[in-house]
file final_1.txt (compact mmCIF, C-alpha atoms and all ligand atoms)
# COMPACT_ATOMS: atom_id res chain seq x y z
CA LYS I 1 87.66 119.58 86.82
CA GLY I 2 84.57 121.68 86.87
CA GLN I 3 83.87 125.17 85.69
CA ARG I 4 84.54 127.90 88.26
CA PRO I 5 82.67 131.20 87.82
CA LEU I 6 85.77 133.41 88.23
CA ALA I 7 89.00 132.95 86.28
CA ALA I 8 91.52 131.39 88.69
CA GLU I 9 94.41 133.04 86.84
CA GLN I 10 92.89 136.44 87.51
CA ILE I 11 92.76 135.77 91.26
CA GLY I 12 96.37 134.54 91.18
CA GLU I 13 97.56 137.55 89.19
CA GLY I 14 95.72 139.92 91.53
CA ASN I 15 97.65 138.40 94.44
CA ILE I 16 101.12 138.87 92.94
CA PRO I 17 101.68 142.52 94.00
CA HIS I 18 100.81 141.57 97.63
CA LEU I 19 102.80 138.37 98.07
CA LYS I 20 106.05 139.97 99.24
CA ASN I 21 104.31 142.08 101.89
CA LEU I 22 102.18 139.15 102.99
CA GLN I 23 105.27 137.00 103.53
CA SER I 24 106.98 139.72 105.52
CA ASP I 25 103.86 140.40 107.65
CA TYR I 26 103.47 136.68 108.28
CA ASP I 27 107.15 136.22 109.17
CA HIS I 28 107.01 139.14 111.57
CA LEU I 29 103.90 137.75 113.28
CA ALA I 30 105.42 134.25 113.40
CA GLU I 31 108.49 135.67 115.13
CA GLN I 32 106.35 137.51 117.70
CA LEU I 33 104.31 134.38 118.37
CA ASP I 34 107.45 132.29 118.63
CA ARG I 35 108.63 134.50 121.50
CA ARG I 36 105.42 133.54 123.30
CA GLY I 37 105.94 129.87 122.59
CA VAL I 38 103.28 129.69 119.86
CA ASP I 39 104.15 127.86 116.64
CA ALA I 40 102.66 129.95 113.81
CA ALA I 41 103.01 127.11 111.31
CA ALA I 42 100.86 124.87 113.51
CA VAL I 43 98.25 127.61 113.81
CA LEU I 44 98.35 128.17 110.03
CA LYS I 45 97.73 124.47 109.53
CA LYS I 46 94.66 124.47 111.79
CA VAL I 47 93.31 127.66 110.20
CA SER I 48 93.78 126.11 106.75
CA GLY I 49 91.43 123.30 107.80
CA PHE I 50 88.73 125.60 109.18
CA THR I 51 85.47 125.91 107.21
CA VAL I 52 82.05 127.49 107.65
CA ALA I 53 78.93 126.83 105.54
CA ILE I 54 76.99 129.44 103.56
CA PRO I 55 73.18 129.58 103.86
CA SER I 56 71.62 129.46 100.39
CA TRP I 57 69.15 132.16 101.48
CA GLY I 58 71.99 134.48 102.51
CA THR I 59 73.09 134.97 98.90
CA GLY I 60 70.03 137.11 98.16
CA ARG I 61 69.12 140.43 99.74
CA GLY I 62 67.25 139.93 102.98
CA GLY I 63 64.77 142.36 104.36
CA THR I 64 62.54 143.15 107.27
CA ARG I 65 58.79 142.80 107.61
CA PHE I 66 58.62 146.40 106.39
CA ALA I 67 60.49 146.12 103.12
CA LYS I 68 63.10 144.41 101.05
CA PHE I 69 65.31 146.31 98.64
CA PRO I 70 66.64 143.85 96.07
CA ILE I 71 69.78 144.59 94.05
CA ALA I 72 70.22 144.02 90.36
CA GLY I 73 71.87 140.69 89.62
CA GLU I 74 70.98 138.86 92.82
CA PRO I 75 70.34 135.12 92.41
CA THR I 76 66.78 134.02 91.64
CA ASN I 77 67.04 130.23 92.12
CA ILE I 78 69.28 127.56 93.67
CA HIS I 79 71.41 127.29 90.52
CA GLU I 80 72.29 130.99 90.62
CA LYS I 81 72.74 130.82 94.40
CA LEU I 82 75.28 128.01 93.92
CA GLN I 83 77.12 130.17 91.38
CA ASP I 84 77.41 132.99 93.93
CA CYS I 85 78.53 130.55 96.63
CA ALA I 86 81.21 129.27 94.25
CA VAL I 87 82.42 132.86 93.75
CA ILE I 88 82.63 133.29 97.53
CA GLN I 89 84.51 130.01 97.92
CA GLN I 90 86.95 130.88 95.13
CA LEU I 91 87.79 134.17 96.85
CA CYS I 92 87.93 133.20 100.53
CA ALA I 93 88.53 129.42 100.35
CA ILE I 94 86.87 128.64 103.72
CA THR I 95 83.24 128.24 102.62
CA PRO I 96 83.13 124.99 100.61
CA ARG I 97 79.59 123.96 101.63
CA VAL I 98 76.10 125.36 101.11
CA SER I 99 73.15 124.84 103.44
CA PRO I 100 69.91 124.62 101.42
CA HIS I 101 66.39 125.48 102.58
CA PHE I 102 63.26 123.66 101.36
CA PRO I 103 60.99 124.22 99.59
CA TRP I 104 62.82 127.46 98.66
CA ASP I 105 65.58 125.49 96.88
CA LYS I 106 63.34 122.79 95.43
CA VAL I 107 64.39 121.19 92.11
CA SER I 108 63.21 118.09 90.25
CA ASP I 109 66.56 116.25 90.20
CA TYR I 110 68.72 116.29 93.34
CA VAL I 111 71.35 113.93 91.98
CA ALA I 112 71.93 116.46 89.20
CA LEU I 113 71.98 119.30 91.74
CA ARG I 114 74.69 117.53 93.72
CA GLU I 115 76.77 117.13 90.55
CA GLU I 116 76.20 120.75 89.65
CA ALA I 117 77.51 121.82 93.08
CA ASP I 118 80.43 119.41 92.84
CA ASP I 119 81.42 120.88 89.47
CA LEU I 120 81.50 124.28 91.14
CA GLY I 121 83.76 122.99 93.92
CA LEU I 122 80.94 122.92 96.47
CA GLY I 123 79.24 120.38 98.72
CA PHE I 124 76.07 120.59 100.79
CA ASP I 125 75.76 121.17 104.51
CA ALA I 126 72.71 120.77 106.78
CA VAL I 127 69.31 120.74 105.08
CA ASN I 128 66.78 123.18 106.54
CA SER I 129 63.06 122.53 106.65
CA ASN I 130 60.50 125.29 106.44
CA THR I 131 57.23 124.95 108.34
CA PHE I 132 57.02 128.62 109.29
CA GLN I 133 55.08 129.65 106.20
CA ASP I 134 52.33 128.09 104.10
CA GLN I 135 53.04 127.06 100.52
CA PRO I 136 50.50 127.67 97.74
CA GLY I 137 47.71 125.07 97.82
CA GLN I 138 48.82 123.61 101.16
CA ALA I 139 46.11 121.33 102.62
CA HIS I 140 46.54 122.39 106.27
CA THR I 141 47.71 125.81 107.44
CA TYR I 142 50.67 126.44 109.77
CA ALA I 143 48.89 129.56 111.03
CA ASN I 144 48.42 127.84 114.40
CA GLY I 145 51.77 126.12 114.45
CA SER I 146 53.41 123.25 112.62
CA LEU I 147 55.01 120.45 114.65
CA SER I 148 53.02 121.62 117.70
CA SER I 149 49.78 122.57 115.96
CA THR I 150 46.48 121.54 117.54
CA ASP I 151 45.49 120.35 114.05
CA ALA I 152 46.68 116.77 113.52
CA GLY I 153 46.65 117.37 109.75
CA ALA I 154 49.07 120.31 110.03
CA ARG I 155 51.34 118.30 112.32
CA ALA I 156 51.38 115.37 109.90
CA LEU I 157 52.19 117.70 107.01
CA ALA I 158 55.08 119.27 108.93
CA VAL I 159 56.47 115.84 109.86
CA GLU I 160 56.15 114.66 106.27
CA HIS I 161 57.96 117.77 104.98
CA ASN I 162 60.87 117.21 107.39
CA ILE I 163 61.14 113.58 106.31
CA GLU I 164 61.16 114.73 102.69
CA CYS I 165 64.02 117.12 103.58
CA ILE I 166 65.98 114.15 104.98
CA GLU I 167 65.38 112.28 101.72
CA ILE I 168 66.62 115.26 99.70
CA GLY I 169 69.58 115.56 102.06
CA ARG I 170 70.50 111.93 101.48
CA GLN I 171 70.62 112.59 97.75
CA ILE I 172 72.77 115.73 97.99
CA GLY I 173 75.19 114.36 100.59
CA SER I 174 74.03 116.12 103.77
CA ARG I 175 74.04 114.48 107.18
CA ASP I 176 72.24 117.04 109.32
CA LEU I 177 68.65 118.23 109.38
CA THR I 178 68.22 121.63 111.03
CA VAL I 179 64.78 122.20 112.48
CA TRP I 180 63.67 125.65 113.50
CA VAL I 181 59.95 126.19 114.06
CA GLY I 182 58.28 129.51 114.73
CA ASP I 183 55.56 127.70 116.71
CA GLY I 184 54.36 129.45 119.84
CA THR I 185 51.72 131.92 120.93
CA ASN I 186 51.07 135.64 120.70
CA PHE I 187 48.66 135.96 123.64
CA PRO I 188 48.62 134.69 127.20
CA GLY I 189 46.12 131.86 127.38
CA GLN I 190 46.22 131.22 123.62
CA GLN I 191 47.56 127.68 124.13
CA ASP I 192 48.32 125.24 126.90
CA LEU I 193 52.09 125.72 127.25
CA GLY I 194 52.66 122.14 128.44
CA LYS I 195 50.48 120.37 125.88
CA GLN I 196 51.94 122.43 123.05
CA LEU I 197 55.38 121.09 123.94
CA ASP I 198 53.95 117.55 124.16
CA ARG I 199 52.70 117.85 120.58
CA TYR I 200 56.07 119.24 119.42
CA LEU I 201 57.94 116.35 121.05
CA ASP I 202 55.60 113.78 119.56
CA SER I 203 56.04 115.20 116.04
CA ALA I 204 59.80 115.64 116.47
CA ALA I 205 60.08 111.98 117.53
CA GLN I 206 58.48 110.91 114.25
CA ILE I 207 61.08 112.92 112.31
CA TYR I 208 63.86 111.60 114.54
CA SER I 209 62.90 108.01 113.79
CA ALA I 210 63.34 108.70 110.05
CA LEU I 211 66.99 109.82 110.47
CA PRO I 212 69.44 107.56 108.61
CA ASP I 213 72.56 106.26 110.39
CA GLY I 214 75.19 108.93 110.86
CA TRP I 215 72.61 111.72 110.67
CA ARG I 216 71.83 114.36 113.26
CA MET I 217 68.75 116.43 113.94
CA LEU I 218 69.77 119.93 115.00
CA LEU I 219 67.18 121.74 117.11
CA GLU I 220 67.46 125.52 116.78
CA HIS I 221 66.00 127.48 119.67
CA LYS I 222 64.89 131.12 119.45
CA MET I 223 63.42 133.30 122.14
CA PHE I 224 60.71 135.02 120.11
CA GLU I 225 59.46 135.98 116.64
CA PRO I 226 57.07 135.26 114.99
CA ALA I 227 55.55 134.15 118.31
CA PHE I 228 55.78 137.18 120.60
CA TYR I 229 54.37 135.77 123.83
CA SER I 230 55.85 132.27 123.97
CA THR I 231 57.85 130.07 121.61
CA VAL I 232 57.86 126.28 121.90
CA ILE I 233 61.64 125.88 121.73
CA SER I 234 62.50 129.29 123.14
CA ASP I 235 65.86 128.72 124.80
CA TRP I 236 68.76 126.29 125.24
CA GLY I 237 66.98 124.72 128.20
CA SER I 238 63.95 123.72 126.15
CA SER I 239 66.28 122.69 123.35
CA ILE I 240 68.48 120.37 125.43
CA LEU I 241 65.46 118.84 127.18
CA ALA I 242 63.90 118.07 123.79
CA ALA I 243 67.21 116.75 122.43
CA GLN I 244 67.68 114.53 125.49
CA GLU I 245 64.18 113.15 125.17
CA LEU I 246 64.58 112.47 121.43
CA GLY I 247 67.88 110.59 121.67
CA PRO I 248 71.60 110.72 120.84
CA LYS I 249 71.16 111.90 117.23
CA ALA I 250 69.34 115.04 118.41
CA LYS I 251 71.61 117.99 119.20
CA CYS I 252 71.19 121.69 119.89
CA LEU I 253 72.02 124.44 117.41
CA VAL I 254 73.01 127.86 118.72
CA ASP I 255 72.08 130.84 116.56
CA LEU I 256 73.96 133.74 118.15
CA GLY I 257 71.00 136.11 117.70
CA HIS I 258 68.39 133.95 119.39
CA HIS I 259 68.91 134.86 123.04
CA ALA I 260 67.80 137.49 125.50
CA PRO I 261 70.07 140.58 125.47
CA ASN I 262 73.34 140.14 127.40
CA VAL I 263 72.90 136.41 127.90
CA ASN I 264 76.22 134.61 128.34
CA ILE I 265 76.26 132.61 125.10
CA GLU I 266 79.75 131.19 125.61
CA GLN I 267 78.53 129.61 128.84
CA ILE I 268 75.57 128.07 126.99
CA VAL I 269 78.07 126.62 124.51
CA ALA I 270 80.13 125.11 127.34
CA ARG I 271 76.99 123.70 128.98
CA LEU I 272 75.69 122.09 125.79
CA HIS I 273 79.08 120.52 125.16
CA ARG I 274 79.25 119.28 128.78
CA PHE I 275 76.18 117.16 128.07
CA GLY I 276 77.23 116.08 124.56
CA LYS I 277 74.49 118.13 122.93
CA LEU I 278 76.37 120.85 121.04
CA GLY I 279 75.28 120.32 117.43
CA GLY I 280 76.12 123.49 115.57
CA PHE I 281 76.00 127.22 115.09
CA HIS I 282 74.32 129.89 113.07
CA PHE I 283 76.83 132.73 113.13
CA ASN I 284 75.63 136.31 112.96
CA ASP I 285 75.68 139.31 115.28
CA SER I 286 73.00 141.04 117.25
CA LYS I 287 72.40 144.47 118.74
CA TYR I 288 68.81 144.05 119.96
CA GLY I 289 67.37 140.66 119.05
CA ASP I 290 67.42 138.31 116.07
CA ASP I 291 68.89 141.11 113.98
CA ASP I 292 70.91 138.77 111.71
CA LEU I 293 73.68 141.37 111.42
CA ASP I 294 77.06 140.44 109.96
CA SER I 295 79.22 138.20 112.17
CA GLY I 296 81.57 140.15 114.40
CA SER I 297 80.17 143.54 113.32
CA ILE I 298 78.79 144.36 116.78
CA ASN I 299 80.50 142.17 119.35
CA PRO I 300 83.55 140.37 117.98
CA HIS I 301 84.81 139.74 121.51
CA GLN I 302 81.78 137.57 122.25
CA LEU I 303 82.51 135.57 119.09
CA PHE I 304 86.09 135.13 120.31
CA LEU I 305 84.85 133.90 123.71
CA VAL I 306 82.54 131.41 121.97
CA PHE I 307 85.51 130.06 119.99
CA ASN I 308 87.57 129.97 123.16
CA GLU I 309 84.98 127.56 124.60
CA LEU I 310 85.02 125.57 121.36
CA ILE I 311 88.80 125.09 121.58
CA GLU I 312 88.41 123.96 125.18
CA ALA I 313 85.67 121.57 124.07
CA GLU I 314 87.85 120.19 121.30
CA LEU I 315 90.59 119.44 123.82
CA GLU I 316 88.11 117.58 125.99
CA PRO I 317 85.71 115.97 123.51
CA ARG I 318 83.67 114.11 126.18
CA ASN I 319 81.18 112.17 124.04
CA GLY I 320 82.23 113.67 120.72
CA PHE I 321 82.87 117.15 119.36
CA ASP I 322 81.77 117.90 115.83
CA PRO I 323 79.68 121.08 115.64
CA ALA I 324 78.35 122.26 112.27
CA TYR I 325 79.47 125.84 111.58
CA MET I 326 77.23 127.99 109.45
CA ILE I 327 76.51 131.63 108.74
CA ASP I 328 72.88 132.82 109.14
CA GLN I 329 72.62 136.49 108.29
CA SER I 330 70.20 138.83 106.59
CA HIS I 331 72.01 141.12 104.17
CA ASN I 332 69.64 144.05 103.88
CA VAL I 333 71.92 146.90 102.84
CA THR I 334 75.05 145.28 101.38
CA ASP I 335 75.91 143.05 98.45
CA PRO I 336 75.40 139.59 100.07
CA ILE I 337 78.63 138.25 98.55
CA GLU I 338 80.64 141.05 100.18
CA SER I 339 78.92 140.52 103.53
CA ILE I 340 79.61 136.79 103.48
CA LEU I 341 83.27 137.37 102.54
CA SER I 342 83.64 139.89 105.35
CA SER I 343 81.81 137.65 107.86
CA ALA I 344 83.74 134.50 106.97
CA GLU I 345 86.92 136.49 107.66
CA ALA I 346 85.57 137.75 111.01
CA ILE I 347 84.67 134.19 112.05
CA ALA I 348 88.07 132.85 110.99
CA GLN I 349 89.74 135.69 112.93
CA CYS I 350 87.97 134.80 116.17
CA TYR I 351 88.77 131.12 115.67
CA THR I 352 92.44 131.96 115.05
CA LYS I 353 92.67 134.22 118.09
CA ALA I 354 91.15 131.45 120.23
CA LEU I 355 93.88 129.11 118.93
CA LEU I 356 96.50 131.56 120.19
CA VAL I 357 95.30 131.37 123.81
CA ASP I 358 98.06 129.96 125.98
CA ARG I 359 96.02 127.04 127.36
CA GLY I 360 98.68 125.96 129.84
CA ALA I 361 98.91 129.45 131.35
CA LEU I 362 95.13 129.80 131.37
CA HIS I 363 94.55 126.51 133.15
CA GLU I 364 97.31 127.25 135.65
CA ALA I 365 95.82 130.69 136.40
CA GLN I 366 92.42 129.05 136.85
CA ARG I 367 93.86 126.40 139.16
CA THR I 368 95.56 128.99 141.36
CA ASN I 369 92.66 131.44 141.21
CA ASP I 370 94.84 134.09 139.61
CA THR I 371 91.92 135.93 138.10
CA MET I 372 93.84 138.79 136.53
CA MET I 373 96.36 136.47 134.88
CA ALA I 374 93.58 134.24 133.52
CA PHE I 375 91.94 137.28 131.98
CA GLN I 376 95.26 138.61 130.65
CA VAL I 377 95.88 135.30 128.86
CA LEU I 378 92.63 135.77 126.95
CA ARG I 379 93.29 139.45 126.33
CA ARG I 380 96.78 138.77 124.95
CA ALA I 381 95.36 136.37 122.38
CA TYR I 382 92.43 138.60 121.49
CA SER I 383 94.58 141.64 120.83
CA VAL I 384 96.80 139.95 118.20
CA ASP I 385 96.17 140.99 114.58
CA VAL I 386 95.87 137.53 113.03
CA GLY I 387 95.18 138.90 109.53
CA PRO I 388 98.48 137.66 108.04
CA ILE I 389 97.80 134.05 109.13
CA ILE I 390 94.32 134.06 107.63
CA ALA I 391 95.49 135.75 104.42
CA MET I 392 98.34 133.25 104.13
CA ALA I 393 95.95 130.30 104.54
CA ARG I 394 93.63 131.82 101.95
CA VAL I 395 96.30 132.60 99.36
CA ASN I 396 97.86 129.14 99.82
CA ALA I 397 94.44 127.64 99.08
CA GLY I 398 94.11 129.65 95.86
CA GLY I 399 91.91 132.39 97.32
CA ALA I 400 92.35 136.14 96.99
CA TYR I 401 94.68 138.22 99.14
CA ASP I 402 91.95 140.87 99.23
CA PRO I 403 88.65 139.01 98.67
CA ILE I 404 86.32 142.01 98.51
CA GLY I 405 88.74 143.97 96.33
CA ALA I 406 89.09 141.04 93.93
CA TYR I 407 85.30 140.57 93.90
CA ARG I 408 84.75 144.20 92.93
CA GLN I 409 87.39 143.97 90.26
CA SER I 410 85.71 140.88 88.77
CA GLU I 411 82.53 142.92 88.19
CA TRP I 412 80.58 139.72 88.89
CA ARG I 413 77.43 141.47 90.08
CA LEU I 414 77.46 143.88 87.16
CA ARG I 415 77.65 140.98 84.72
CA LYS I 416 74.88 139.08 86.51
CA ALA I 417 72.68 142.19 86.50
CA GLN I 418 72.66 141.90 82.72
CA GLU I 419 71.99 138.14 82.66
CA ARG I 420 69.69 137.40 85.59
CA ARG I 421 65.97 137.96 85.83
CA SER I 422 65.08 141.01 87.91
CA VAL I 423 63.61 140.05 91.30
CA GLY I 424 61.46 143.21 91.35
CA LEU I 425 60.48 145.33 94.31
CA GLY I 426 60.05 143.97 97.83
CA ALA I 427 56.62 142.97 99.08
CA GLY I 428 56.50 145.85 101.55
CA ILE I 429 56.54 148.50 98.82
CA VAL I 430 53.56 147.49 96.71
C1 LIG I 501 65.09 131.86 112.27
O1 LIG I 501 65.04 132.87 112.97
C2 LIG I 501 66.25 131.03 112.22
O2 LIG I 501 67.42 131.77 112.41
C3 LIG I 501 66.37 129.96 111.13
O3 LIG I 501 67.68 129.51 111.04
C4 LIG I 501 65.77 130.23 109.78
O4 LIG I 501 65.42 129.01 109.24
C5 LIG I 501 66.66 130.90 108.78
O5 LIG I 501 67.00 132.15 109.23
C6 LIG I 501 66.01 131.02 107.40
O6 LIG I 501 64.86 131.83 107.47
ZN ZN I 502 69.28 130.62 112.40
ZN ZN I 503 67.02 133.65 113.37
ZN ZN I 504 69.04 135.43 113.22

call {"tool": "encode", "arguments": {"input": "final_1.txt", "output": "structure tokens"}}
result
Amino acid sequence: KGQRPLAAEQIGEGNIPHLKNLQSDYDHLAEQLDRRGVDAAAVLKKVSGFTVAIPSWGTGRGGTRFAKFPIAGEPTNIHEKLQDCAVIQQLCAITPRVSPHFPWDKVSDYVALREEADDLGLGFDAVNSNTFQDQPGQAHTYANGSLSSTDAGARALAVEHNIECIEIGRQIGSRDLTVWVGDGTNFPGQQDLGKQLDRYLDSAAQIYSALPDGWRMLLEHKMFEPAFYSTVISDWGSSILAAQELGPKAKCLVDLGHHAPNVNIEQIVARLHRFGKLGGFHFNDSKYGDDDLDSGSINPHQLFLVFNELIEAELEPRNGFDPAYMIDQSHNVTDPIESILSSAEAIAQCYTKALLVDRGALHEAQRTNDTMMAFQVLRRAYSVDVGPIIAMARVNAGGAYDPIGAYRQSEWRLRKAQERRSVGLGAGIV
């Protein structure tokens, strides 16, 4: 059922020349793992069930506040974004859900949008609200904040918009609302730091009370930008305090780029889980700040250590373990489809490596304070090339052996460049 953008037969045919080598690489790896007491088939099964959501905004070229350099054929609306997401899913088979952003992805009929996605083999993930920019004709400005604004009218508007996002989410089959606000200050003294948080909590509670059963509100913290002196929900501490005050449906979302340099993110993950507040992730990588670089392109080892904590958390679910995994990147210099394919693979690799950790040996080394052995257990897992397992899972699911190669061969972007409206030059140029 449904019309897929790429011809499935073409993907299958493209795989044929690689199947023999893939099987032999997989068998060889399985034999090596077997010697270590790891069952490759069990790992393959877990990897086959792993998924990560695509942000609708990540399918277009991102930019900086200086410029954006669009490419010909990039999507211009949610319908075209869904098409590109379907291409990604066809090729890599681990990205079956899309996370939409409103009002960027606004349409008149959400029931129809859900069907459209379903026909493409896609579902929807968390809905994202946007109160960090004003929309044309907006009655109250967010220039002085949204949920925490001193203007009651702006706060009411921001609350109302979030509740509308929940309503849209209900229609498209989401069950999470992700709330990131840029609210904060740019000068010392600009606002009362305590009262600003009071206003945020009061507004957030109004949104929280509109959550349907089975829904979660994911609070995304970020240290700075656009507020460069203070941000209302600046760190995991502020985030967990807010989530605890709001109630059990409120959880914390960790965007890997939203921390001070060198902060131990894997420890934050373990802490949030310890208190039942780990809600989800925005995967990306960072060199200096909220750079939104491709996942695993700078520090894949950190990503591995994060997944190592997630496997530990899964083994000890405490009061539930069900984090939402999503990519949040800005693709400024690459074709967004290629970046997402490459990033989804990097994320799956770190997950797979974390599955290979000999938990028994790790826990025993921890118990006996054998520091070097504990570290070696992690290192042994991290240094395995898990490519054959991931490729096997992908090919078994109908994806491409070589996703980026198959994408280039499909000439998808070239064809879309002829059909799609040109997005024109970036705002910074004119
Ligand atoms: C902003 O820095 C955050 O990462 C948010 O997740 C944001 O909503 C998203 O990047 C879309 O702009
Ligand atoms: Zn984010
Ligand atoms: Zn961000
Ligand atoms: Zn970011």

call {"tool": "closest_atom_pairs", "arguments": {"input": "final_1.txt", "of": "segment 290-341 of chain I", "to": "segment 248-263 of chain I", "cutoff": "7 Å", "atoms": "all atoms listed in the file", "output": "Markdown table"}}
result
| residue | atom | partner | partner_atom | distance |
| --- | --- | --- | --- | --- |
| I:Asp290 | CA | I:Gly257 | CA | 4.5 |
| I:Asp291 | CA | I:Gly257 | CA | 6.6 |
| I:Asp292 | CA | I:Gly257 | CA | 6.6 |

call {"tool": "write_last_selection", "arguments": {"input": "final_1.txt", "atoms": "C-alpha atoms", "output": "CSV table (one decimal), in the coordinates of the input"}}
result
chain,number,residue,atom,x,y,z
I,290,ASP,CA,67.4,138.3,116.1
I,291,ASP,CA,68.9,141.1,114.0
I,292,ASP,CA,70.9,138.8,111.7

call {"tool": "residues_near_ligand", "arguments": {"input": "final_1.txt", "ligand": "ligand ZN 504 (chain I)", "cutoff": "12 Å", "atoms": "all atoms listed in the file", "output": "MDAnalysis selection string"}}
result
chainID I and resid 55 58 62 64 180 220:225 254:259 281:295 326:331

call {"tool": "atom_distance", "arguments": {"input": "final_1.txt", "atom1": "atom CA of Gly49 of chain I", "atom2": "atom CA of Phe275 of chain I"}}
result
26.1 Å

call {"tool": "atom_distance", "arguments": {"input": "final_1.txt", "atom1": "atom CA of Glu160 of chain I", "atom2": "atom CA of Ser146 of chain I"}}
result
11.0 Å

call {"tool": "atom_distance", "arguments": {"input": "final_1.txt", "atom1": "atom CA of Asp235 of chain I", "atom2": "atom CA of Met217 of chain I"}}
result
16.7 Å

call {"tool": "residues_around", "arguments": {"input": "final_1.txt", "residues": "segment 361-365 of chain I", "least_positions_apart": "2", "cutoff": "10 Å", "atoms": "all atoms listed in the file", "output": "MDAnalysis selection string"}}
result
chainID I and resid 357:359 367:378

call {"tool": "closest_residue", "arguments": {"input": "final_1.txt", "among": "I:Gly2, I:Tyr142, I:Ile94, I:Arg35", "to": "Val395 of chain I", "atoms": "all atoms listed in the file"}}
result
I:Ile94

call {"tool": "build_atoms", "arguments": {"input": "final_1.txt", "residues": "segment 366-378 of chain I", "atoms": "N, CA and C atoms", "output": "PDB file, keeping the file's coordinate frame"}}
result
ATOM      1  N   GLN I 366      93.731 129.481 136.319  1.00  0.00           N
ATOM      2  CA  GLN I 366      92.420 129.050 136.850  1.00  0.00           C
ATOM      3  C   GLN I 366      92.612 128.196 138.098  1.00  0.00           C
ATOM      4  N   ARG I 367      93.613 127.304 138.037  1.00  0.00           N
ATOM      5  CA  ARG I 367      93.860 126.400 139.160  1.00  0.00           C
ATOM      6  C   ARG I 367      94.261 127.172 140.417  1.00  0.00           C
ATOM      7  N   THR I 368      95.060 128.234 140.206  1.00  0.00           N
ATOM      8  CA  THR I 368      95.560 128.990 141.360  1.00  0.00           C
ATOM      9  C   THR I 368      94.686 130.190 141.681  1.00  0.00           C
ATOM     10  N   ASN I 369      93.563 130.304 141.011  1.00  0.00           N
ATOM     11  CA  ASN I 369      92.660 131.440 141.210  1.00  0.00           C
ATOM     12  C   ASN I 369      93.332 132.785 140.977  1.00  0.00           C
ATOM     13  N   ASP I 370      94.223 132.825 139.980  1.00  0.00           N
ATOM     14  CA  ASP I 370      94.840 134.090 139.610  1.00  0.00           C
ATOM     15  C   ASP I 370      93.972 134.737 138.534  1.00  0.00           C
ATOM     16  N   THR I 371      92.950 135.385 138.990  1.00  0.00           N
ATOM     17  CA  THR I 371      91.920 135.930 138.100  1.00  0.00           C
ATOM     18  C   THR I 371      92.484 136.857 137.047  1.00  0.00           C
ATOM     19  N   MET I 372      93.315 137.813 137.477  1.00  0.00           N
ATOM     20  CA  MET I 372      93.840 138.790 136.530  1.00  0.00           C
ATOM     21  C   MET I 372      94.687 138.119 135.461  1.00  0.00           C
ATOM     22  N   MET I 373      95.507 137.134 135.867  1.00  0.00           N
ATOM     23  CA  MET I 373      96.360 136.470 134.880  1.00  0.00           C
ATOM     24  C   MET I 373      95.505 135.654 133.896  1.00  0.00           C
ATOM     25  N   ALA I 374      94.471 135.021 134.399  1.00  0.00           N
ATOM     26  CA  ALA I 374      93.580 134.240 133.520  1.00  0.00           C
ATOM     27  C   ALA I 374      92.984 135.173 132.456  1.00  0.00           C
ATOM     28  N   PHE I 375      92.527 136.315 132.915  1.00  0.00           N
ATOM     29  CA  PHE I 375      91.940 137.280 131.980  1.00  0.00           C
ATOM     30  C   PHE I 375      92.988 137.813 131.006  1.00  0.00           C
ATOM     31  N   GLN I 376      94.198 138.088 131.518  1.00  0.00           N
ATOM     32  CA  GLN I 376      95.260 138.610 130.650  1.00  0.00           C
ATOM     33  C   GLN I 376      95.640 137.610 129.546  1.00  0.00           C
ATOM     34  N   VAL I 377      95.572 136.332 129.871  1.00  0.00           N
ATOM     35  CA  VAL I 377      95.880 135.300 128.860  1.00  0.00           C
ATOM     36  C   VAL I 377      94.906 135.444 127.694  1.00  0.00           C
ATOM     37  N   LEU I 378      93.630 135.610 128.007  1.00  0.00           N
ATOM     38  CA  LEU I 378      92.630 135.770 126.950  1.00  0.00           C
ATOM     39  C   LEU I 378      92.867 137.088 126.193  1.00  0.00           C
TER      40      LEU I 378
END
